[in-house]
>>> print(open('data_14.tsv').read())   # TSV, C-alpha atoms
chain	number	residue	atom	x	y	z
J	1	MET	CA	-12.39	-7.19	24.69
J	2	LYS	CA	-11.64	-6.65	28.36
J	3	ALA	CA	-10.78	-3.39	30.13
J	4	PRO	CA	-7.10	-4.22	30.80
J	5	MET	CA	-6.42	-4.83	27.09
J	6	LEU	CA	-8.15	-1.55	26.18
J	7	TYR	CA	-6.03	0.31	28.74
J	8	ARG	CA	-2.86	-1.28	27.33
J	9	ILE	CA	-3.83	-0.26	23.78
J	10	ALA	CA	-4.61	3.28	24.94
J	11	SER	CA	-1.31	3.44	26.80
J	12	ILE	CA	0.75	2.39	23.78
J	13	LEU	CA	-1.11	4.82	21.51
J	14	LEU	CA	-0.60	7.59	24.09
J	15	LEU	CA	3.11	6.89	24.24
J	16	LEU	CA	3.44	6.93	20.44
J	17	PHE	CA	1.40	10.14	20.25
J	18	ASP	CA	3.53	11.69	23.00
J	19	VAL	CA	6.80	10.92	21.18
J	20	GLY	CA	5.41	12.27	17.91
J	21	HIS	CA	4.09	15.40	19.59
J	22	THR	CA	7.34	16.06	21.45
J	23	LEU	CA	9.46	15.64	18.31
J	24	GLY	CA	7.08	17.44	15.96
J	25	PHE	CA	5.29	20.36	17.59
J	26	ARG	CA	8.18	22.80	17.00
J	27	GLN	CA	8.50	21.91	13.31
J	28	SER	CA	7.16	24.07	10.50
J	29	ASP	CA	6.99	23.74	6.75
J	30	PRO	CA	8.30	26.67	4.67
J	31	LYS	CA	5.20	26.26	2.45
J	32	TRP	CA	3.11	27.55	5.37
J	33	GLY	CA	4.67	30.98	4.98
J	34	VAL	CA	5.15	31.51	8.71
J	35	ASP	CA	8.92	31.98	8.83
J	36	ALA	CA	8.66	35.71	9.57
J	37	LEU	CA	6.09	35.06	12.29
J	38	LEU	CA	8.25	32.39	13.92
J	39	ALA	CA	11.31	34.65	13.76
J	40	SER	CA	9.28	37.36	15.46
J	41	MET	CA	8.06	34.92	18.12
J	42	ARG	CA	11.68	33.98	18.83
J	43	SER	CA	13.20	37.46	18.80
J	44	ILE	CA	10.78	39.78	20.59
J	45	HIS	CA	11.38	39.66	24.33
J	46	PHE	CA	9.04	40.98	27.02
J	47	ASP	CA	9.14	40.94	30.80
J	48	VAL	CA	6.60	38.84	32.67
J	49	GLN	CA	6.73	38.67	36.46
J	50	GLY	CA	10.47	39.27	36.53
J	51	PHE	CA	11.37	36.96	33.61
J	52	SER	CA	12.38	37.91	30.08
J	53	ARG	CA	10.41	35.69	27.71
J	54	THR	CA	9.39	35.41	24.05
J	55	TYR	CA	6.18	34.03	22.58
J	56	TRP	CA	8.32	31.14	21.33
J	57	ASP	CA	9.26	30.38	24.94
J	58	LEU	CA	5.56	30.27	25.85
J	59	PHE	CA	4.75	28.12	22.80
J	60	VAL	CA	7.52	25.61	23.56
J	61	GLY	CA	6.66	25.57	27.26
J	62	ALA	CA	2.99	24.87	26.53
J	63	GLY	CA	3.92	22.13	24.05
J	64	LEU	CA	6.22	20.45	26.56
J	65	PHE	CA	3.47	20.68	29.21
J	66	VAL	CA	1.29	18.68	26.81
J	67	SER	CA	4.10	16.15	26.31
J	68	VAL	CA	4.47	15.63	30.06
J	69	PHE	CA	0.74	15.14	30.54
J	70	LEU	CA	0.51	12.71	27.63
J	71	LEU	CA	3.30	10.68	29.21
J	72	PHE	CA	1.47	10.76	32.56
J	73	ALA	CA	-1.75	9.58	30.86
J	74	ALA	CA	0.16	6.72	29.18
J	75	VAL	CA	1.61	5.61	32.53
J	76	LEU	CA	-1.78	5.93	34.24
J	77	ALA	CA	-3.52	3.86	31.55
J	78	TRP	CA	-0.79	1.20	31.81
J	79	GLN	CA	-1.18	1.12	35.59
J	80	LEU	CA	-4.97	0.85	35.34
J	81	ALA	CA	-4.51	-2.16	33.03
J	82	GLY	CA	-2.55	-3.98	35.71
J	83	LEU	CA	-5.08	-3.55	38.50
J	84	PRO	CA	-7.36	-6.35	39.64
J	85	ALA	CA	-11.01	-6.00	38.63
J	86	GLU	CA	-12.03	-5.35	42.24
J	87	THR	CA	-9.63	-2.40	42.48
J	88	LEU	CA	-10.77	-1.02	39.13
J	89	ALA	CA	-14.35	-1.17	40.38
J	90	VAL	CA	-13.55	1.29	43.19
J	91	MET	CA	-11.61	3.59	40.86
J	92	ARG	CA	-14.56	4.48	38.67
J	93	GLY	CA	-14.08	8.21	39.22
J	94	THR	CA	-10.47	8.10	38.08
J	95	GLN	CA	-11.29	5.99	35.03
J	96	TRP	CA	-14.13	8.25	33.92
J	97	ALA	CA	-12.14	11.42	34.63
J	98	LEU	CA	-9.38	10.15	32.34
J	99	ALA	CA	-11.85	9.12	29.65
J	100	LEU	CA	-13.77	12.42	29.79
J	101	CYS	CA	-10.53	14.39	29.73
J	102	PHE	CA	-9.70	12.69	26.46
J	103	VAL	CA	-13.20	13.30	25.12
J	104	ALA	CA	-12.52	17.02	25.66
J	105	VAL	CA	-9.02	16.81	24.13
J	106	THR	CA	-10.40	14.95	21.10
J	107	ILE	CA	-13.11	17.58	20.59
J	108	LEU	CA	-10.48	20.32	20.86
J	109	SER	CA	-8.35	18.49	18.29
J	110	TRP	CA	-11.28	18.17	15.86
J	111	THR	CA	-11.96	21.90	16.38
J	112	TYR	CA	-8.46	23.37	16.30
J	113	PHE	CA	-5.90	20.89	15.00
J	114	PHE	CA	-5.46	18.49	12.10
J	115	THR	CA	-5.51	14.87	10.99
J	116	LEU	CA	-2.60	13.29	12.90
J	117	PRO	CA	-3.74	14.22	16.43
J	118	ILE	CA	-7.29	13.19	15.51
J	119	ILE	CA	-6.04	9.82	14.21
J	120	PHE	CA	-4.37	9.12	17.56
J	121	LEU	CA	-6.85	10.72	19.95
J	122	THR	CA	-10.04	9.18	18.56
J	123	PRO	CA	-9.06	5.53	19.22
J	124	ILE	CA	-7.40	6.49	22.52
J	125	THR	CA	-10.65	8.09	23.65
J	126	VAL	CA	-12.73	5.13	22.45
J	127	CYS	CA	-10.45	2.71	24.34
J	128	LEU	CA	-10.60	4.77	27.54
J	129	ILE	CA	-14.40	5.10	27.42
J	130	ALA	CA	-14.87	1.39	26.67
J	131	ALA	CA	-12.42	0.37	29.42
J	132	ALA	CA	-14.14	2.61	31.98
J	133	TRP	CA	-17.51	1.22	30.92
J	134	LEU	CA	-16.40	-2.42	30.99
J	135	SER	CA	-14.60	-2.15	34.30
J	136	GLY	CA	-17.89	-1.30	35.99
J	137	LYS	CA	-19.55	-4.48	34.76
J	138	PRO	CA	-19.59	-7.54	36.99
J	139	ILE	CA	-16.94	-10.11	36.11
>>> encode(input="data_14.tsv", output="structure tokens")
Amino acid sequence: MKAPMLYRIASILLLLFDVGHTLGFRQSDPKWGVDALLASMRSIHFDVQGFSRTYWDLFVGAGLFVSVFLLFAAVLAWQLAGLPAETLAVMRGTQWALALCFVAVTILSWTYFFTLPIIFLTPITVCLIAAAWLSGKPI
């Protein structure tokens, strides 16, 4: 498989993961027994640098930050797929930075999260590493 196809696959998986993350990260299951905690996160306000915030505000803000960066990564992977091989060859730093970023995110997901992020992030990371590796090979 060639680097452009791997970048396209990674991009599509990133976009699907982004949509799922954006729609799902604020959801909770009553079986988890966290309703009181979530109510507390939403209701207790504190002042930070002139703004009244709750922990829920910080949680939602951080989750939406992740959504924005996943969308950026999807666009970047799609753009990398469309570049000529000669251009990809001079963008090795960008390709490996993206791949290594997702290595770190995948490790964090294995450490702190659960199955669904791992199911998406593992093949995304494999595609990005393989594409970065293959794009450095002579044509």
>>> residues_near_point(input="data_14.tsv", point="(8.7, 32.5, 23.7)", cutoff="9 Å", atoms="only C-alpha atoms", output="list in words")
Met41, Arg42, Ser43, Ile44, His45, Arg53, Thr54, Tyr55, Trp56, Asp57, Leu58, Phe59, Val60 and Gly61 of chain J
>>> closest_residue(input="data_14.tsv", among="J:Leu6, J:Val48, J:Leu116, J:Met91", to="Phe25 of chain J", atoms="all atoms listed in the file")
J:Leu116
>>> closest_residue(input="data_14.tsv", among="J:Arg8, J:Lys31, J:His21, J:Lys2", to="Pro117 of chain J", atoms="all atoms listed in the file")
J:His21
>>> atom_distance(input="data_14.tsv", atom1="atom CA of Ser67 of chain J", atom2="atom CA of Leu23 of chain J")
9.6 Å
>>> residues_around(input="data_14.tsv", residues="segment 81-89 of chain J", least_positions_apart="2", cutoff="8 Å", atoms="all atoms listed in the file", output="PyMOL selection string")
chain J and resi 3-8+77-79+91-92+135-136+139
>>> decode(input="data_14.tsv", residues="segment 6-123 of chain J", atoms="C-alpha atoms", output="compact mmCIF listing (two decimals), in the first residue's frame")
# COMPACT_ATOMS: atom_id res chain seq x y z
CA LEU J 6 -2.69 5.28 4.11
CA TYR J 7 -3.15 9.01 4.69
CA ARG J 8 -6.65 8.86 3.17
CA ILE J 9 -7.59 5.93 5.42
CA ALA J 10 -6.20 7.74 8.47
CA SER J 11 -8.09 10.89 7.50
CA ILE J 12 -11.43 9.12 7.18
CA LEU J 13 -10.91 7.28 10.48
CA LEU J 14 -9.94 10.56 12.14
CA LEU J 15 -13.07 12.25 10.86
CA LEU J 16 -15.29 9.40 12.08
CA PHE J 17 -13.53 9.40 15.45
CA ASP J 18 -13.91 13.18 15.67
CA VAL J 19 -17.66 13.05 15.03
CA GLY J 20 -18.10 10.26 17.58
CA HIS J 21 -16.00 12.07 20.15
CA THR J 22 -17.82 15.37 19.65
CA LEU J 23 -21.25 13.76 19.96
CA GLY J 24 -20.35 11.37 22.77
CA PHE J 25 -17.88 12.85 25.24
CA ARG J 26 -20.58 14.66 27.26
CA GLN J 27 -22.78 11.56 27.57
CA SER J 28 -22.99 9.45 30.71
CA ASP J 29 -24.77 6.25 31.65
CA PRO J 30 -26.85 6.29 34.85
CA LYS J 31 -25.34 2.86 35.67
CA TRP J 32 -22.01 4.63 36.26
CA GLY J 33 -23.44 6.31 39.34
CA VAL J 34 -21.92 9.71 38.55
CA ASP J 35 -25.09 11.81 38.36
CA ALA J 36 -24.35 13.61 41.64
CA LEU J 37 -20.78 14.28 40.56
CA LEU J 38 -21.90 15.68 37.19
CA ALA J 39 -24.53 17.85 38.87
CA SER J 40 -21.83 19.19 41.17
CA MET J 41 -19.50 19.84 38.22
CA ARG J 42 -22.28 21.83 36.55
CA SER J 43 -23.48 23.79 39.56
CA ILE J 44 -20.42 24.87 41.53
CA HIS J 45 -19.02 28.10 40.11
CA PHE J 46 -15.60 29.57 40.83
CA ASP J 47 -13.75 32.62 39.55
CA VAL J 48 -10.68 32.12 37.38
CA GLN J 49 -8.87 35.14 35.97
CA GLY J 50 -12.03 37.23 35.92
CA PHE J 51 -14.36 34.51 34.58
CA SER J 52 -17.00 32.53 36.45
CA ARG J 53 -16.60 28.89 35.46
CA THR J 54 -17.60 25.39 36.55
CA TYR J 55 -15.64 22.15 36.24
CA TRP J 56 -18.22 21.16 33.62
CA ASP J 57 -17.20 24.22 31.58
CA LEU J 58 -13.57 23.10 31.76
CA PHE J 59 -14.49 19.51 30.87
CA VAL J 60 -16.58 20.57 27.86
CA GLY J 61 -13.95 23.08 26.75
CA ALA J 62 -11.19 20.45 26.90
CA GLY J 63 -13.35 17.96 25.01
CA LEU J 64 -14.10 20.47 22.27
CA PHE J 65 -10.38 21.32 22.05
CA VAL J 66 -9.80 17.63 21.30
CA SER J 67 -12.55 17.69 18.67
CA VAL J 68 -10.97 20.68 16.91
CA PHE J 69 -7.54 19.06 16.88
CA LEU J 70 -8.91 15.76 15.59
CA LEU J 71 -10.57 17.66 12.75
CA PHE J 72 -7.28 19.45 12.02
CA ALA J 73 -5.43 16.11 11.98
CA ALA J 74 -8.02 14.68 9.56
CA VAL J 75 -7.59 17.65 7.21
CA LEU J 76 -3.80 17.47 7.48
CA ALA J 77 -3.74 13.74 6.70
CA TRP J 78 -6.05 14.33 3.70
CA GLN J 79 -3.78 17.12 2.46
CA LEU J 80 -0.67 14.97 2.88
CA ALA J 81 -2.34 12.28 0.76
CA GLY J 82 -2.72 14.72 -2.12
CA LEU J 83 0.89 15.87 -2.23
CA PRO J 84 3.34 14.65 -4.86
CA ALA J 85 5.97 12.19 -3.63
CA GLU J 86 8.71 14.81 -4.04
CA THR J 87 6.87 17.22 -1.74
CA LEU J 88 6.19 14.50 0.81
CA ALA J 89 9.89 13.70 0.83
CA VAL J 90 10.73 17.20 2.08
CA MET J 91 7.95 17.12 4.69
CA ARG J 92 9.39 14.26 6.69
CA GLY J 93 9.39 16.27 9.92
CA THR J 94 5.70 17.08 9.61
CA GLN J 95 4.78 13.50 8.77
CA TRP J 96 6.73 12.04 11.68
CA ALA J 97 5.49 14.71 14.09
CA LEU J 98 1.90 13.78 13.22
CA ALA J 99 2.62 10.06 13.52
CA LEU J 100 4.45 10.42 16.85
CA CYS J 101 1.70 12.66 18.20
CA PHE J 102 -0.74 9.85 17.55
CA VAL J 103 1.60 7.29 19.10
CA ALA J 104 1.42 9.39 22.29
CA VAL J 105 -2.38 9.80 22.04
CA THR J 106 -2.80 6.05 21.51
CA ILE J 107 -0.64 5.27 24.55
CA LEU J 108 -2.67 7.75 26.61
CA SER J 109 -5.87 6.08 25.40
CA TRP J 110 -4.61 2.61 26.35
CA THR J 111 -3.63 4.02 29.77
CA TYR J 112 -6.63 6.19 30.62
CA PHE J 113 -9.58 5.52 28.32
CA PHE J 114 -11.51 2.56 26.96
CA THR J 115 -12.17 0.36 23.95
CA LEU J 116 -13.74 2.73 21.41
CA PRO J 117 -10.93 5.32 21.30
CA ILE J 118 -8.38 2.49 21.20
CA ILE J 119 -10.24 0.85 18.28
CA PHE J 120 -9.98 4.08 16.28
CA LEU J 121 -6.58 5.35 17.38
CA THR J 122 -4.60 2.14 16.89
CA PRO J 123 -5.23 1.83 13.12
